[in-house]
Each structure stands twice: as structure tokens, then as C-alpha cells.
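Reviewing the structure listed below.
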Amino acid sequence: MVVHSVPAEVTVKGTTTPIAFVKDILFPYIRENVQEYLQTHWEEEECQQDVSLLRKQAEEDWQLDGAVPIPAAGGSGGEEPAQLMQAVVDNVCWQMSLDRKSTALKQLQGHMWRAAFTAGHVKAEFFEDVVPAVKKWREAGMKVYVYSSGSVEAQKLFGHSTEGDILELVDGHFDTKIGHKVESESYRKIADSVGCSTNNILFLTDVTGEASAAEAADVHVAVVVRPGNAGVTDDEKTYHRLTTSFSELALPASA
């Protein structure tokens, strides 16, 4: 998450939402339902755009171990839709097995989660300190943005939550289209987009590699330690500012 003036930037998984919700509910939902989703939506333009983007990613991945190609429709091999769908399913499962963050994968996941959230099959869960803290920040005149590896569309689905629709608490969304979270330039682009200096941003994340990238761009950072998150080494504890709850954060009035 990003907080602005201080802007706040927050990732979703592991900071605002229990990582178990993502690992045990959201990701398994994709694996278990991707084939049925493709069968239901295959003829729709949006689905074909998703498949096209996945095919393009597969072409870039061809040298990777275990990479799954997605042939073109009506190609020389005479592939039928069922064969193409299976190739897409296998590619998606392969990417997810490696925890890939490709835009193509995230786009399809976002569309699948949209259908699930809209139908009420899934509701987002938040740590109990998140919503009260964000409301307090906004009342103090701060702006809050979400920057996540998940697509912007997927981020907005978290409006369907156990806390109700919380999208009114968020001023904007960023995903990997602006850059990857381990690249310092991404944070400079976000600062330009929201109209502030990087030194007026507080970035909240559970990943120390992301924290280092943001700090290199002169962004304030707090590493959020939550149940189920990856452990933090003694060196990382010394180097990074840590917090276990948004309510513990004392945000500077200016930077």
C-alpha cells in the first residue's frame, strides 16, 4: 500500500489481507475452475484477449524449463478449441506453480476472480486493523493507493469484502503495468502519477526485496510482519522498519 502526504501505498497479499486467504482460497480457485471458465467464456472477446496475451507470454517463455506452449487457433496442427483450452489450462497451472507474476496470468486471474466475487462465491478478508487505520489516514487528509502484483481489476474486486465495499477508501490502483515491485523506477513512476515526490510516500509491504527497491527510490518503507508471511532475518530486522499492525504506524505529516 502507498500512503500520500504522506501518500500510502499498500500491497494486498500479506499486508492488508491474510496470505492464507490468497494461497488457500484465491489461487486454488483459479486452478480448480480455469477449465470451466474457459469453456463458458471461450467465444467472448475478453476471453480471447486473455488467451492471446497468454500465448504471447508463452512465446517469450519457450526456453524456460517446463514451459507450456499455446498454439494459435486454426494453426497448422489443426488444433480444436478443446486442445487449445487444455494448452491454456496447462500453461496457467505451470505459471502458477512457479508463482509467476506475468501480466498475462494476472489478467486472466483478475477476470476469473471478478466473476467469483460478483457472484458472491468469494469475499475478501482483511486484517482487523486495516480498515480502521485507512479510515483514520483519510480523515487526516492522506491519500491511499494500492500497488500490487495482482491486476488493477483484481484489486478492485476486494470491494466485495467481509467489511463491505471498501473501494471508497482507496484513491487509486497500480499493478505491474507501471513496473515490477522489485524495480526502483516503478516507485518513481507512481510518485509522478500521483503528483508528489517519492519522499512523500510511505510504502507498506511484506517483501523485503520490494522494500529495498522502494527505499532506493527515496520512498519511506515499513515492512509489515503478519501471520503466515515469510520470516524476516536478523539483518533485515536491523535494516528495515517493521510493524505488525497498521495501527502502530505513526505517519509523518510531511517528508
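How things are named: the first chain in the C-alpha cells is A, the next is B, and so on; residues count from 1 in each chain; ligands count from 1 in the order shown.
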Long-range neighbours of A:Lys123 as a ChimeraX atom specification, 7 Å cut-off, only C-alpha atoms, 5 positions minimum in chain: /A:117,160-162
Interface rows for stretch 43-140 of chain A against stretch 21-24 of chain A: nearest pair, Å to one decimal, 10 Å, only C-alpha atoms, as a tab-separated table:
```
residue	atom	partner	partner_atom	distance
A:Lys123	CA	A:Phe21	CA	9.7
A:Ala124	CA	A:Phe21	CA	7.8
A:Glu125	CA	A:Phe21	CA	7.0
A:Phe126	CA	A:Phe21	CA	9.1
```
Go ahead and save the picked residues with N, CA and C atoms, as a PDB file, in the first residue's frame.
```
ATOM      1  N   LYS A 123     -15.529 -13.718  -0.902  1.00  0.00           N
ATOM      2  CA  LYS A 123     -15.472 -12.377  -0.317  1.00  0.00           C
ATOM      3  C   LYS A 123     -14.077 -12.164   0.272  1.00  0.00           C
ATOM      4  N   ALA A 124     -13.544 -10.978   0.057  1.00  0.00           N
ATOM      5  CA  ALA A 124     -12.203 -10.674   0.549  1.00  0.00           C
ATOM      6  C   ALA A 124     -12.191 -10.558   2.063  1.00  0.00           C
ATOM      7  N   GLU A 125     -11.058 -10.931   2.643  1.00  0.00           N
ATOM      8  CA  GLU A 125     -10.870 -10.827   4.078  1.00  0.00           C
ATOM      9  C   GLU A 125      -9.737  -9.840   4.361  1.00  0.00           C
ATOM     10  N   PHE A 126      -9.875  -9.054   5.437  1.00  0.00           N
ATOM     11  CA  PHE A 126      -8.847  -8.099   5.821  1.00  0.00           C
ATOM     12  C   PHE A 126      -8.452  -8.295   7.277  1.00  0.00           C
TER      13      PHE A 126
END
```
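Taking only C-alpha atoms into account, A:Val207 lies nearest to A:Val182 out of the set A:Ala119, A:Val152, A:Val182, A:Val194.
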All strand (DSSP E) positions in stretch 7-144 of chain A, as a ChimeraX atom specification: /A:8-10,143-144
Export, as a compact mmCIF listing (two decimals), in the first residue's frame, the selected residues with all heavy atoms.
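Below you can see out_33.txt, which holds the result:
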```txt
# COMPACT_ATOMS: atom_id res chain seq x y z
N ALA A 8 0.06 6.78 0.80
CA ALA A 8 0.32 5.44 1.26
C ALA A 8 0.16 4.47 0.14
O ALA A 8 -0.78 4.54 -0.61
CB ALA A 8 -0.65 5.08 2.34
N GLU A 9 1.05 3.58 0.06
CA GLU A 9 0.97 2.54 -0.96
C GLU A 9 1.01 1.21 -0.23
O GLU A 9 1.84 0.99 0.61
CB GLU A 9 2.16 2.65 -1.90
CG GLU A 9 2.23 1.57 -2.92
CD GLU A 9 3.44 1.79 -3.79
OE1 GLU A 9 3.76 2.93 -4.10
OE2 GLU A 9 4.06 0.79 -4.14
N VAL A 10 0.06 0.33 -0.56
CA VAL A 10 -0.03 -0.92 0.15
C VAL A 10 -0.18 -2.08 -0.82
O VAL A 10 -0.97 -2.00 -1.75
CB VAL A 10 -1.23 -0.92 1.10
CG1 VAL A 10 -1.36 -2.22 1.83
CG2 VAL A 10 -1.09 0.21 2.09
N LYS A 143 -3.87 10.35 1.26
CA LYS A 143 -4.41 9.56 0.16
C LYS A 143 -3.80 8.16 0.20
O LYS A 143 -2.64 7.99 0.56
CB LYS A 143 -4.13 10.23 -1.18
CG LYS A 143 -4.89 11.55 -1.36
CD LYS A 143 -4.70 12.12 -2.74
CE LYS A 143 -5.51 13.40 -2.92
NZ LYS A 143 -5.36 13.97 -4.28
N VAL A 144 -4.59 7.19 -0.19
CA VAL A 144 -4.17 5.80 -0.10
C VAL A 144 -4.29 5.14 -1.47
O VAL A 144 -5.33 5.24 -2.13
CB VAL A 144 -5.03 5.03 0.92
CG1 VAL A 144 -4.62 3.56 0.97
CG2 VAL A 144 -4.89 5.66 2.31
```
Residues near A:Ile19, cut-off 12 Å, only C-alpha atoms, skip fewer than 3 positions along chain, as a count of residues only: 23
Point-to-point distance from atom CA of A:Gly159 to atom CA of A:Met112, Å rounded to tenths: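 Computing the Euclidean distance for atom CA of A:Gly159 and atom CA of A:Met112 yields 15.4 Å.
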Among the residues A:Tyr29, A:Trp113, A:Trp137, A:Tyr187, the one that comes closest to A:Leu249 [using only C-alpha atoms]: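 Once distances to A:Leu249 are computed over only C-alpha atoms, the minimum belongs to A:Trp137.
The shell of residues at most 12 Å from A:Asp65, with only C-alpha atoms counted and near chain neighbours (fewer than 4 positions) removed, consists of Ala58, Asp61, Pro69, Trp94, Gln95 and Leu98 of chain A.
Close contacts of A:Leu53, defined as residues with an atom at most 12 Å away when counting only C-alpha atoms, with chain neighbours fewer than 2 positions off set aside, comprise A:Glu46, A:Cys47, A:Gln48, A:Gln49, A:Asp50, A:Val51, A:Arg55, A:Lys56, A:Gln57, A:Ala58, A:Glu59, A:Glu60, A:Ile70, A:Ala72, A:Val88, A:Asn91, A:Val92, A:Ser102, A:Thr103, A:Ala104, A:Leu105, A:Lys106, A:Gln107, A:Leu108.
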Residue nearest A:Lys135 among A:Ala222, A:Ile166, A:Ala217, A:Leu204 (counting only C-alpha atoms):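 Among the listed residues, the smallest separation from A:Lys135 belongs to A:Ile166.
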Within 12 Å of A:Thr40 using only C-alpha atoms, minus same-chain residues under 5 positions, as a ChimeraX atom specification: /A:33-35,47,85,112,115
For N, CA, C and O atoms, I'd like the residues from the last selection saved as a PDB file, in the first residue's frame.
```
ATOM      1  N   ASN A  33     -10.958 -23.994 -11.329  1.00  0.00           N
ATOM      2  CA  ASN A  33     -12.053 -23.510 -12.165  1.00  0.00           C
ATOM      3  C   ASN A  33     -11.642 -22.969 -13.521  1.00  0.00           C
ATOM      4  O   ASN A  33     -12.502 -22.569 -14.302  1.00  0.00           O
ATOM      5  N   VAL A  34     -10.338 -22.933 -13.833  1.00  0.00           N
ATOM      6  CA  VAL A  34      -9.905 -22.309 -15.080  1.00  0.00           C
ATOM      7  C   VAL A  34     -10.472 -23.031 -16.300  1.00  0.00           C
ATOM      8  O   VAL A  34     -10.885 -22.375 -17.275  1.00  0.00           O
ATOM      9  N   GLN A  35     -10.532 -24.339 -16.264  1.00  0.00           N
ATOM     10  CA  GLN A  35     -11.057 -25.056 -17.428  1.00  0.00           C
ATOM     11  C   GLN A  35     -12.541 -24.756 -17.640  1.00  0.00           C
ATOM     12  O   GLN A  35     -12.974 -24.469 -18.771  1.00  0.00           O
ATOM     13  N   CYS A  47     -12.230 -13.018 -23.223  1.00  0.00           N
ATOM     14  CA  CYS A  47     -11.529 -14.285 -23.008  1.00  0.00           C
ATOM     15  C   CYS A  47     -10.493 -14.514 -24.094  1.00  0.00           C
ATOM     16  O   CYS A  47      -9.365 -14.943 -23.807  1.00  0.00           O
ATOM     17  N   MET A  85      -7.846 -24.991 -25.327  1.00  0.00           N
ATOM     18  CA  MET A  85      -8.224 -24.728 -23.932  1.00  0.00           C
ATOM     19  C   MET A  85      -7.325 -25.492 -22.974  1.00  0.00           C
ATOM     20  O   MET A  85      -6.868 -24.954 -21.967  1.00  0.00           O
ATOM     21  N   MET A 112     -11.306 -14.006 -13.784  1.00  0.00           N
ATOM     22  CA  MET A 112     -11.941 -15.127 -13.105  1.00  0.00           C
ATOM     23  C   MET A 112     -12.399 -14.745 -11.700  1.00  0.00           C
ATOM     24  O   MET A 112     -13.504 -15.101 -11.274  1.00  0.00           O
ATOM     25  N   ALA A 115     -15.615 -12.665 -11.716  1.00  0.00           N
ATOM     26  CA  ALA A 115     -16.830 -13.471 -11.824  1.00  0.00           C
ATOM     27  C   ALA A 115     -17.185 -14.098 -10.482  1.00  0.00           C
ATOM     28  O   ALA A 115     -18.361 -14.146 -10.094  1.00  0.00           O
TER      29      ALA A 115
END
```
DSSP helix (DSSP H, G or I) residues within stretch 21-171 of chain A, as a ChimeraX atom specification: /A:21-41,45-60,81-97,103-118,130-139,152-159,167-169
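Taking atom CA of A:Asn199 and atom CA of A:Val219 as endpoints, the distance between them is 5.1 Å.
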Minimum-distance residue to A:His173, chosen among A:Ala211, A:Val122, A:Val89, A:Ala154 (using only C-alpha atoms): A:Ala154
Near-A:Ser197 list (9 Å; only C-alpha atoms; drop same-chain fewer than 3 positions) as a list of chain:residue names: A:Arg188, A:Ala191, A:Asp192, A:Val194, A:Asn200, A:Ile201, A:Asp218, A:Val219
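Separating atom CA of A:Gly172 from atom CA of A:Thr198 is a distance of 16.2 Å.
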